[in-house]
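Participant: File follows, work_36.cif with mmCIF, N, CA and C atoms:
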data_run
loop_
_atom_site.label_atom_id
_atom_site.label_comp_id
_atom_site.auth_asym_id
_atom_site.auth_seq_id
_atom_site.Cartn_x
_atom_site.Cartn_y
_atom_site.Cartn_z
N LEU A 404 4.99 -15.58 -3.80
CA LEU A 404 6.37 -15.27 -3.48
C LEU A 404 6.65 -15.47 -1.99
N LEU A 405 5.69 -15.05 -1.17
CA LEU A 405 5.89 -15.22 0.26
C LEU A 405 6.00 -16.69 0.64
N ASP A 406 5.23 -17.54 -0.05
CA ASP A 406 5.28 -18.97 0.23
C ASP A 406 6.63 -19.58 -0.16
N HIS A 407 7.38 -18.88 -1.00
CA HIS A 407 8.67 -19.40 -1.46
C HIS A 407 9.85 -18.70 -0.80
N GLY A 408 9.58 -18.03 0.32
CA GLY A 408 10.65 -17.49 1.13
C GLY A 408 11.07 -16.05 0.85
N VAL A 409 10.36 -15.36 -0.03
CA VAL A 409 10.71 -13.96 -0.26
C VAL A 409 10.32 -13.17 0.98
N ARG A 410 11.26 -12.42 1.50
CA ARG A 410 11.00 -11.61 2.69
C ARG A 410 10.70 -10.18 2.28
N CYS A 411 10.01 -9.48 3.15
CA CYS A 411 9.63 -8.10 2.86
C CYS A 411 10.63 -7.10 3.42
N SER A 412 11.82 -7.55 3.70
CA SER A 412 12.87 -6.66 4.19
C SER A 412 14.17 -7.05 3.50
N GLY A 413 15.23 -6.35 3.85
CA GLY A 413 16.52 -6.67 3.26
C GLY A 413 16.52 -6.45 1.76
N HIS A 414 17.16 -7.35 1.03
CA HIS A 414 17.28 -7.15 -0.42
C HIS A 414 15.97 -7.42 -1.16
N HIS A 415 14.96 -7.95 -0.51
CA HIS A 415 13.65 -8.14 -1.13
C HIS A 415 12.72 -6.96 -0.89
N ARG A 416 13.20 -5.95 -0.19
CA ARG A 416 12.36 -4.80 0.19
C ARG A 416 11.73 -4.12 -1.03
N GLU A 417 12.49 -3.96 -2.10
CA GLU A 417 11.98 -3.32 -3.32
C GLU A 417 10.84 -4.13 -3.92
N LEU A 418 10.98 -5.43 -3.96
CA LEU A 418 9.93 -6.31 -4.47
C LEU A 418 8.67 -6.21 -3.61
N ALA A 419 8.83 -6.20 -2.31
CA ALA A 419 7.69 -6.11 -1.40
C ALA A 419 6.98 -4.77 -1.56
N ARG A 420 7.75 -3.71 -1.73
CA ARG A 420 7.18 -2.38 -1.90
C ARG A 420 6.29 -2.34 -3.14
N ARG A 421 6.76 -2.86 -4.23
CA ARG A 421 5.98 -2.89 -5.46
C ARG A 421 4.79 -3.84 -5.34
N ALA A 422 4.99 -4.96 -4.67
CA ALA A 422 3.89 -5.92 -4.50
C ALA A 422 2.77 -5.31 -3.67
N LEU A 423 3.12 -4.59 -2.61
CA LEU A 423 2.10 -3.96 -1.77
C LEU A 423 1.34 -2.91 -2.57
N PHE A 424 2.05 -2.10 -3.32
CA PHE A 424 1.41 -1.06 -4.13
C PHE A 424 0.46 -1.70 -5.15
N THR A 425 0.91 -2.76 -5.79
CA THR A 425 0.09 -3.45 -6.79
C THR A 425 -1.15 -4.07 -6.15
N ALA A 426 -0.99 -4.67 -4.97
CA ALA A 426 -2.15 -5.25 -4.27
C ALA A 426 -3.16 -4.16 -3.91
N VAL A 427 -2.67 -3.03 -3.43
CA VAL A 427 -3.56 -1.92 -3.07
C VAL A 427 -4.25 -1.38 -4.31
N GLU A 428 -3.50 -1.22 -5.38
CA GLU A 428 -4.06 -0.70 -6.63
C GLU A 428 -5.19 -1.60 -7.14
N ALA A 429 -5.04 -2.91 -6.96
CA ALA A 429 -6.05 -3.87 -7.40
C ALA A 429 -7.18 -4.04 -6.38
N GLY A 430 -7.03 -3.45 -5.20
CA GLY A 430 -8.04 -3.63 -4.16
C GLY A 430 -8.00 -5.00 -3.53
N ALA A 431 -6.85 -5.66 -3.62
CA ALA A 431 -6.68 -7.02 -3.09
C ALA A 431 -6.35 -6.95 -1.60
N GLU A 432 -7.39 -6.82 -0.78
CA GLU A 432 -7.21 -6.62 0.65
C GLU A 432 -6.47 -7.76 1.33
N ALA A 433 -6.80 -8.99 0.99
CA ALA A 433 -6.15 -10.13 1.64
C ALA A 433 -4.66 -10.16 1.33
N MET A 434 -4.29 -9.88 0.09
CA MET A 434 -2.88 -9.88 -0.28
C MET A 434 -2.14 -8.72 0.39
N ALA A 435 -2.76 -7.55 0.41
CA ALA A 435 -2.13 -6.40 1.07
C ALA A 435 -1.92 -6.71 2.55
N GLU A 436 -2.91 -7.30 3.18
CA GLU A 436 -2.79 -7.66 4.59
C GLU A 436 -1.65 -8.65 4.81
N ARG A 437 -1.56 -9.63 3.94
CA ARG A 437 -0.49 -10.63 4.07
C ARG A 437 0.89 -9.98 3.92
N LEU A 438 1.01 -9.08 2.98
CA LEU A 438 2.28 -8.38 2.78
C LEU A 438 2.63 -7.50 3.98
N LEU A 439 1.63 -6.81 4.52
CA LEU A 439 1.87 -5.98 5.70
C LEU A 439 2.32 -6.84 6.88
N ARG A 440 1.67 -7.97 7.08
CA ARG A 440 2.04 -8.86 8.18
C ARG A 440 3.43 -9.45 7.99
N ALA A 441 3.85 -9.57 6.73
CA ALA A 441 5.18 -10.10 6.43
C ALA A 441 6.26 -9.01 6.54
N GLY A 442 5.83 -7.77 6.76
CA GLY A 442 6.80 -6.70 6.97
C GLY A 442 6.94 -5.67 5.88
N ALA A 443 6.06 -5.69 4.87
CA ALA A 443 6.13 -4.67 3.83
C ALA A 443 5.90 -3.30 4.45
N ASP A 444 6.69 -2.33 4.04
CA ASP A 444 6.63 -0.98 4.61
C ASP A 444 5.64 -0.13 3.82
N PRO A 445 4.50 0.23 4.40
CA PRO A 445 3.50 1.01 3.66
C PRO A 445 3.88 2.47 3.47
N ALA A 446 4.96 2.90 4.08
CA ALA A 446 5.36 4.30 3.98
C ALA A 446 6.24 4.57 2.77
N LEU A 447 6.72 3.53 2.12
CA LEU A 447 7.62 3.73 0.98
C LEU A 447 6.85 4.06 -0.29
N PRO A 448 7.28 5.08 -1.02
CA PRO A 448 6.61 5.39 -2.29
C PRO A 448 6.93 4.30 -3.32
N ALA A 449 5.97 4.01 -4.17
CA ALA A 449 6.19 2.97 -5.17
C ALA A 449 5.61 3.32 -6.53
N GLY A 450 4.69 4.23 -6.58
CA GLY A 450 4.02 4.53 -7.84
C GLY A 450 4.72 5.61 -8.65
N ARG A 451 4.10 5.93 -9.73
CA ARG A 451 4.61 6.99 -10.59
C ARG A 451 4.63 8.30 -9.81
N GLY A 452 5.71 9.02 -9.91
CA GLY A 452 5.80 10.30 -9.25
C GLY A 452 5.90 10.20 -7.74
N GLY A 453 6.29 9.04 -7.23
CA GLY A 453 6.46 8.89 -5.79
C GLY A 453 5.18 8.63 -5.02
N GLU A 454 4.12 8.25 -5.70
CA GLU A 454 2.85 7.97 -5.02
C GLU A 454 3.03 6.78 -4.08
N ASP A 455 2.44 6.87 -2.91
CA ASP A 455 2.54 5.76 -1.96
C ASP A 455 1.25 4.94 -1.97
N ALA A 456 1.28 3.83 -1.23
CA ALA A 456 0.15 2.91 -1.22
C ALA A 456 -1.11 3.58 -0.65
N PHE A 457 -0.95 4.44 0.35
CA PHE A 457 -2.11 5.12 0.93
C PHE A 457 -2.79 6.00 -0.11
N ALA A 458 -2.01 6.78 -0.84
CA ALA A 458 -2.58 7.64 -1.89
C ALA A 458 -3.28 6.81 -2.96
N ARG A 459 -2.70 5.67 -3.32
CA ARG A 459 -3.29 4.81 -4.34
C ARG A 459 -4.59 4.21 -3.82
N ALA A 460 -4.63 3.83 -2.55
CA ALA A 460 -5.86 3.27 -1.97
C ALA A 460 -6.98 4.31 -2.00
N ILE A 461 -6.68 5.53 -1.62
CA ILE A 461 -7.67 6.60 -1.64
C ILE A 461 -8.15 6.86 -3.06
N ALA A 462 -7.21 6.98 -3.98
CA ALA A 462 -7.56 7.27 -5.37
C ALA A 462 -8.43 6.17 -5.97
N GLY A 463 -8.20 4.93 -5.55
CA GLY A 463 -8.97 3.81 -6.06
C GLY A 463 -10.27 3.57 -5.32
N GLY A 464 -10.52 4.38 -4.29
CA GLY A 464 -11.75 4.19 -3.52
C GLY A 464 -11.71 3.02 -2.56
N HIS A 465 -10.51 2.55 -2.25
CA HIS A 465 -10.33 1.41 -1.35
C HIS A 465 -10.11 1.94 0.08
N LEU A 466 -11.17 2.44 0.68
CA LEU A 466 -11.04 3.13 1.96
C LEU A 466 -10.67 2.19 3.10
N GLY A 467 -11.16 0.95 3.06
CA GLY A 467 -10.76 -0.02 4.08
C GLY A 467 -9.26 -0.29 4.03
N LEU A 468 -8.73 -0.40 2.84
CA LEU A 468 -7.29 -0.58 2.68
C LEU A 468 -6.54 0.65 3.16
N ALA A 469 -7.06 1.82 2.86
CA ALA A 469 -6.41 3.06 3.30
C ALA A 469 -6.33 3.09 4.82
N ARG A 470 -7.42 2.71 5.49
CA ARG A 470 -7.42 2.67 6.96
C ARG A 470 -6.38 1.68 7.48
N ARG A 471 -6.34 0.51 6.86
CA ARG A 471 -5.38 -0.52 7.28
C ARG A 471 -3.94 -0.06 7.07
N LEU A 472 -3.68 0.61 5.97
CA LEU A 472 -2.34 1.12 5.71
C LEU A 472 -1.93 2.16 6.76
N ARG A 473 -2.88 3.01 7.15
CA ARG A 473 -2.59 4.01 8.19
C ARG A 473 -2.28 3.29 9.51
N GLU A 474 -3.04 2.25 9.83
CA GLU A 474 -2.78 1.48 11.05
C GLU A 474 -1.38 0.86 11.02
N ALA A 475 -0.92 0.52 9.82
CA ALA A 475 0.39 -0.12 9.65
C ALA A 475 1.53 0.89 9.55
N GLY A 476 1.19 2.19 9.62
CA GLY A 476 2.24 3.20 9.63
C GLY A 476 2.40 4.05 8.39
N ALA A 477 1.50 3.90 7.44
CA ALA A 477 1.58 4.74 6.24
C ALA A 477 1.24 6.18 6.59
N PRO A 478 2.02 7.12 6.07
CA PRO A 478 1.67 8.53 6.31
C PRO A 478 0.43 8.91 5.51
N SER A 479 -0.38 9.76 6.06
CA SER A 479 -1.53 10.24 5.28
C SER A 479 -1.04 11.39 4.43
N SER A 480 -1.46 11.42 3.20
CA SER A 480 -1.02 12.49 2.31
C SER A 480 -2.18 13.44 2.06
N VAL A 481 -1.88 14.71 2.15
CA VAL A 481 -2.91 15.74 1.97
C VAL A 481 -3.56 15.63 0.59
N PRO A 482 -2.80 15.48 -0.51
CA PRO A 482 -3.46 15.36 -1.81
C PRO A 482 -4.43 14.19 -1.88
N ALA A 483 -4.06 13.06 -1.29
CA ALA A 483 -4.95 11.90 -1.30
C ALA A 483 -6.22 12.18 -0.52
N LEU A 484 -6.08 12.80 0.63
CA LEU A 484 -7.26 13.11 1.44
C LEU A 484 -8.16 14.14 0.75
N LEU A 485 -7.57 15.11 0.08
CA LEU A 485 -8.37 16.09 -0.67
C LEU A 485 -9.13 15.40 -1.80
N HIS A 486 -8.47 14.45 -2.45
CA HIS A 486 -9.11 13.69 -3.52
C HIS A 486 -10.33 12.96 -2.99
N ALA A 487 -10.20 12.34 -1.83
CA ALA A 487 -11.32 11.63 -1.22
C ALA A 487 -12.45 12.58 -0.85
N CYS A 488 -12.10 13.73 -0.35
CA CYS A 488 -13.13 14.72 0.02
C CYS A 488 -13.89 15.20 -1.20
N ARG A 489 -13.19 15.43 -2.28
CA ARG A 489 -13.86 15.87 -3.51
C ARG A 489 -14.86 14.84 -4.03
N ARG A 490 -14.52 13.56 -3.82
CA ARG A 490 -15.41 12.48 -4.26
C ARG A 490 -16.53 12.23 -3.26
N GLY A 491 -16.37 12.76 -2.06
CA GLY A 491 -17.39 12.56 -1.04
C GLY A 491 -17.19 11.31 -0.19
N ASP A 492 -15.99 10.74 -0.22
CA ASP A 492 -15.69 9.52 0.56
C ASP A 492 -15.55 9.82 2.02
#
Could I get this structure in the form of C-alpha coordinates?

Facilitator:
Amino acid sequence: LLDHGVRCSGHHRELARRALFTAVEAGAEAMAERLLRAGADPALPAGRGGEDAFARAIAGGHLGLARRLREAGAPSSVPALLHACRRGD
(Lines of atoms letter the chains of each structure in order from A and count residues from 1; the text may use other names and numbers.)
(Lines give C-alpha, C1' and ligand atoms only; values in the text may rest on other atoms or scores of the structure.)
Protein backbone atom coordinates (compact mmCIF):
# COMPACT_ATOMS: atom_id res chain seq x y z
CA LEU A 1 0.00 0.00 0.00
CA LEU A 2 2.80 2.39 0.82
CA ASP A 3 4.33 1.74 -2.61
CA HIS A 4 1.03 2.82 -4.16
CA GLY A 5 0.82 6.16 -2.41
CA VAL A 6 -1.21 5.39 0.69
CA ARG A 7 -0.15 7.85 3.36
CA CYS A 8 -0.17 7.22 7.08
CA SER A 9 -1.93 10.48 7.85
CA GLY A 10 -5.03 12.31 6.75
CA HIS A 11 -7.85 10.15 5.46
CA HIS A 12 -5.55 7.08 5.33
CA ARG A 13 -4.81 7.33 9.06
CA GLU A 14 -7.34 4.60 9.96
CA LEU A 15 -5.81 2.20 7.45
CA ALA A 16 -2.29 2.91 8.74
CA ARG A 17 -3.41 2.39 12.33
CA ARG A 18 -4.81 -1.05 11.54
CA ALA A 19 -1.83 -1.94 9.35
CA LEU A 20 0.61 -1.09 12.14
CA PHE A 21 -1.37 -3.11 14.67
CA THR A 22 -1.52 -6.08 12.28
CA ALA A 23 2.23 -5.88 11.58
CA VAL A 24 2.98 -5.81 15.31
CA GLU A 25 0.57 -8.67 15.98
CA ALA A 26 2.38 -10.76 13.35
CA GLY A 27 5.82 -9.77 14.64
CA ALA A 28 6.63 -8.24 11.25
CA GLU A 29 9.37 -5.87 12.41
CA ALA A 30 10.38 -4.61 8.97
CA MET A 31 6.79 -3.74 8.04
CA ALA A 32 6.13 -2.07 11.39
CA GLU A 33 9.31 -0.03 10.97
CA ARG A 34 8.29 1.01 7.47
CA LEU A 35 4.86 2.10 8.67
CA LEU A 36 6.36 4.06 11.56
CA ARG A 37 8.78 5.83 9.21
CA ALA A 38 5.85 6.65 6.93
CA GLY A 39 4.07 8.33 9.84
CA ALA A 40 1.82 5.70 11.41
CA ASP A 41 0.88 6.81 14.92
CA PRO A 42 1.77 4.08 17.45
CA ALA A 43 -0.27 5.76 20.17
CA LEU A 44 -3.64 5.11 18.53
CA PRO A 45 -5.64 2.13 19.80
CA ALA A 46 -6.54 -0.38 17.11
CA GLY A 47 -7.32 -3.72 18.69
CA ARG A 48 -10.29 -5.18 20.41
CA GLY A 49 -11.22 -3.21 23.48
CA GLY A 50 -8.93 -0.33 22.56
CA GLU A 51 -5.68 -2.29 22.75
CA ASP A 52 -2.76 -0.41 21.25
CA ALA A 53 0.23 -1.66 19.28
CA PHE A 54 2.52 -1.53 22.33
CA ALA A 55 0.21 -3.77 24.36
CA ARG A 56 -0.09 -6.18 21.42
CA ALA A 57 3.71 -6.31 21.02
CA ILE A 58 4.15 -7.14 24.71
CA ALA A 59 1.38 -9.74 24.68
CA GLY A 60 2.93 -11.39 21.63
CA GLY A 61 6.41 -11.44 23.14
CA HIS A 62 7.73 -9.03 20.50
CA LEU A 63 9.90 -7.03 22.88
CA GLY A 64 12.08 -5.47 20.18
CA LEU A 65 8.95 -4.13 18.52
CA ALA A 66 7.65 -2.88 21.87
CA ARG A 67 10.90 -0.94 22.38
CA ARG A 68 10.70 0.52 18.88
CA LEU A 69 7.08 1.56 19.40
CA ARG A 70 8.04 3.34 22.64
CA GLU A 71 10.83 5.15 20.77
CA ALA A 72 8.23 6.22 18.20
CA GLY A 73 5.95 7.66 20.88
CA ALA A 74 3.67 4.82 21.93
CA PRO A 75 2.51 5.14 25.52
CA SER A 76 3.48 2.29 27.79
CA SER A 77 0.47 0.60 29.29
CA VAL A 78 0.54 -0.77 32.81
CA PRO A 79 -1.49 -3.91 31.94
CA ALA A 80 0.91 -4.75 29.11
CA LEU A 81 3.95 -4.28 31.33
CA LEU A 82 2.39 -6.41 34.08
CA HIS A 83 1.72 -9.12 31.50
CA ALA A 84 5.39 -9.08 30.50
CA CYS A 85 6.51 -9.25 34.11
CA ARG A 86 4.31 -12.25 34.79
CA ARG A 87 5.89 -14.04 31.83
CA GLY A 88 9.36 -13.06 32.97
CA ASP A 89 10.19 -10.90 29.91

Participant: Rank A:Leu423, A:Arg490, A:Glu474, A:Met434 by their smallest atom-to-atom distance to Asp455 in chain A, using all atoms listed in the file, and report the top residue only.

Facilitator: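 Going through A:Leu423, A:Arg490, A:Glu474, A:Met434 one by one, the smallest distance to Asp455 in chain A is for A:Leu423.
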
Participant: Can you translate the PyMOL selection byres (((chain A and resi 426 and name CA) around 12) and name CA) into the concrete residues it hits in this file, as an NGL selection string?

Facilitator: :A and (419-425 or 427-439 or 443 or 445 or 449 or 456-457 or 459-460 or 463 or 465 or 468 or 472)

Participant: With the file shown as input, list the residues that the PyMOL selection byres (((chain A and resi 478 and name CA) around 12) and name CA) selects, as a short mmCIF file (atom, residue, chain, number, x, y, z; two decimals) with N, CA and C atoms, in the coordinates of the input.

Facilitator:
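Produced file selection_2.cif, reproduced below:
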data_model
loop_
_atom_site.label_atom_id
_atom_site.label_comp_id
_atom_site.auth_asym_id
_atom_site.auth_seq_id
_atom_site.Cartn_x
_atom_site.Cartn_y
_atom_site.Cartn_z
N ASP A 444 6.69 -2.33 4.04
CA ASP A 444 6.63 -0.98 4.61
C ASP A 444 5.64 -0.13 3.82
N PRO A 445 4.50 0.23 4.40
CA PRO A 445 3.50 1.01 3.66
C PRO A 445 3.88 2.47 3.47
N ALA A 446 4.96 2.90 4.08
CA ALA A 446 5.36 4.30 3.98
C ALA A 446 6.24 4.57 2.77
N LEU A 447 6.72 3.53 2.12
CA LEU A 447 7.62 3.73 0.98
C LEU A 447 6.85 4.06 -0.29
N PRO A 448 7.28 5.08 -1.02
CA PRO A 448 6.61 5.39 -2.29
C PRO A 448 6.93 4.30 -3.32
N GLU A 454 4.12 8.25 -5.70
CA GLU A 454 2.85 7.97 -5.02
C GLU A 454 3.03 6.78 -4.08
N ASP A 455 2.44 6.87 -2.91
CA ASP A 455 2.54 5.76 -1.96
C ASP A 455 1.25 4.94 -1.97
N ALA A 456 1.28 3.83 -1.23
CA ALA A 456 0.15 2.91 -1.22
C ALA A 456 -1.11 3.58 -0.65
N PHE A 457 -0.95 4.44 0.35
CA PHE A 457 -2.11 5.12 0.93
C PHE A 457 -2.79 6.00 -0.11
N ALA A 458 -2.01 6.78 -0.84
CA ALA A 458 -2.58 7.64 -1.89
C ALA A 458 -3.28 6.81 -2.96
N ALA A 469 -7.06 1.82 2.86
CA ALA A 469 -6.41 3.06 3.30
C ALA A 469 -6.33 3.09 4.82
N ARG A 470 -7.42 2.71 5.49
CA ARG A 470 -7.42 2.67 6.96
C ARG A 470 -6.38 1.68 7.48
N ARG A 471 -6.34 0.51 6.86
CA ARG A 471 -5.38 -0.52 7.28
C ARG A 471 -3.94 -0.06 7.07
N LEU A 472 -3.68 0.61 5.97
CA LEU A 472 -2.34 1.12 5.71
C LEU A 472 -1.93 2.16 6.76
N ARG A 473 -2.88 3.01 7.15
CA ARG A 473 -2.59 4.01 8.19
C ARG A 473 -2.28 3.29 9.51
N GLU A 474 -3.04 2.25 9.83
CA GLU A 474 -2.78 1.48 11.05
C GLU A 474 -1.38 0.86 11.02
N ALA A 475 -0.92 0.52 9.82
CA ALA A 475 0.39 -0.12 9.65
C ALA A 475 1.53 0.89 9.55
N GLY A 476 1.19 2.19 9.62
CA GLY A 476 2.24 3.20 9.63
C GLY A 476 2.40 4.05 8.39
N ALA A 477 1.50 3.90 7.44
CA ALA A 477 1.58 4.74 6.24
C ALA A 477 1.24 6.18 6.59
N SER A 479 -0.38 9.76 6.06
CA SER A 479 -1.53 10.24 5.28
C SER A 479 -1.04 11.39 4.43
N SER A 480 -1.46 11.42 3.20
CA SER A 480 -1.02 12.49 2.31
C SER A 480 -2.18 13.44 2.06
N VAL A 481 -1.88 14.71 2.15
CA VAL A 481 -2.91 15.74 1.97
C VAL A 481 -3.56 15.63 0.59
N PRO A 482 -2.80 15.48 -0.51
CA PRO A 482 -3.46 15.36 -1.81
C PRO A 482 -4.43 14.19 -1.88
N ALA A 483 -4.06 13.06 -1.29
CA ALA A 483 -4.95 11.90 -1.30
C ALA A 483 -6.22 12.18 -0.52
N LEU A 484 -6.08 12.80 0.63
CA LEU A 484 -7.26 13.11 1.44
C LEU A 484 -8.16 14.14 0.75
#

Participant: Quick check, in Å to one decimal: how far apart do CA of Ile461 in chain A and atom N of Cys488 in chain A lie?

Facilitator: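 CA of Ile461 in chain A sits 8.5 Å away from atom N of Cys488 in chain A.
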
Participant: Quick one: DSSP helix (DSSP H, G or I) residues in range 430-473 of chain A, as a list in words?

Facilitator: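 The helix (DSSP H, G or I) subset of range 430-473 of chain A is Glu432, Ala433, Met434, Ala435, Glu436, Arg437, Leu438, Leu439, Arg440, Arg451, Gly452, Gly453, Ala456, Phe457, Ala458, Arg459, Ala460, Ile461, Ala462, Leu466, Gly467, Leu468, Ala469, Arg470, Arg471, Leu472 and Arg473 of chain A.
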
Participant: Atom N of Leu466 in chain A to atom N of Gly491 in chain A: how many Å, to one decimal?

Facilitator: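 Atom N of Gly491 in chain A lies at a distance of 11.9 Å from atom N of Leu466 in chain A.
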
Participant: Using Å and a single decimal, report how far atom N of Arg440 in chain A sits from CA of Leu485 in chain A.

Facilitator: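 Separating CA of Leu485 in chain A from atom N of Arg440 in chain A is a distance of 27.2 Å.
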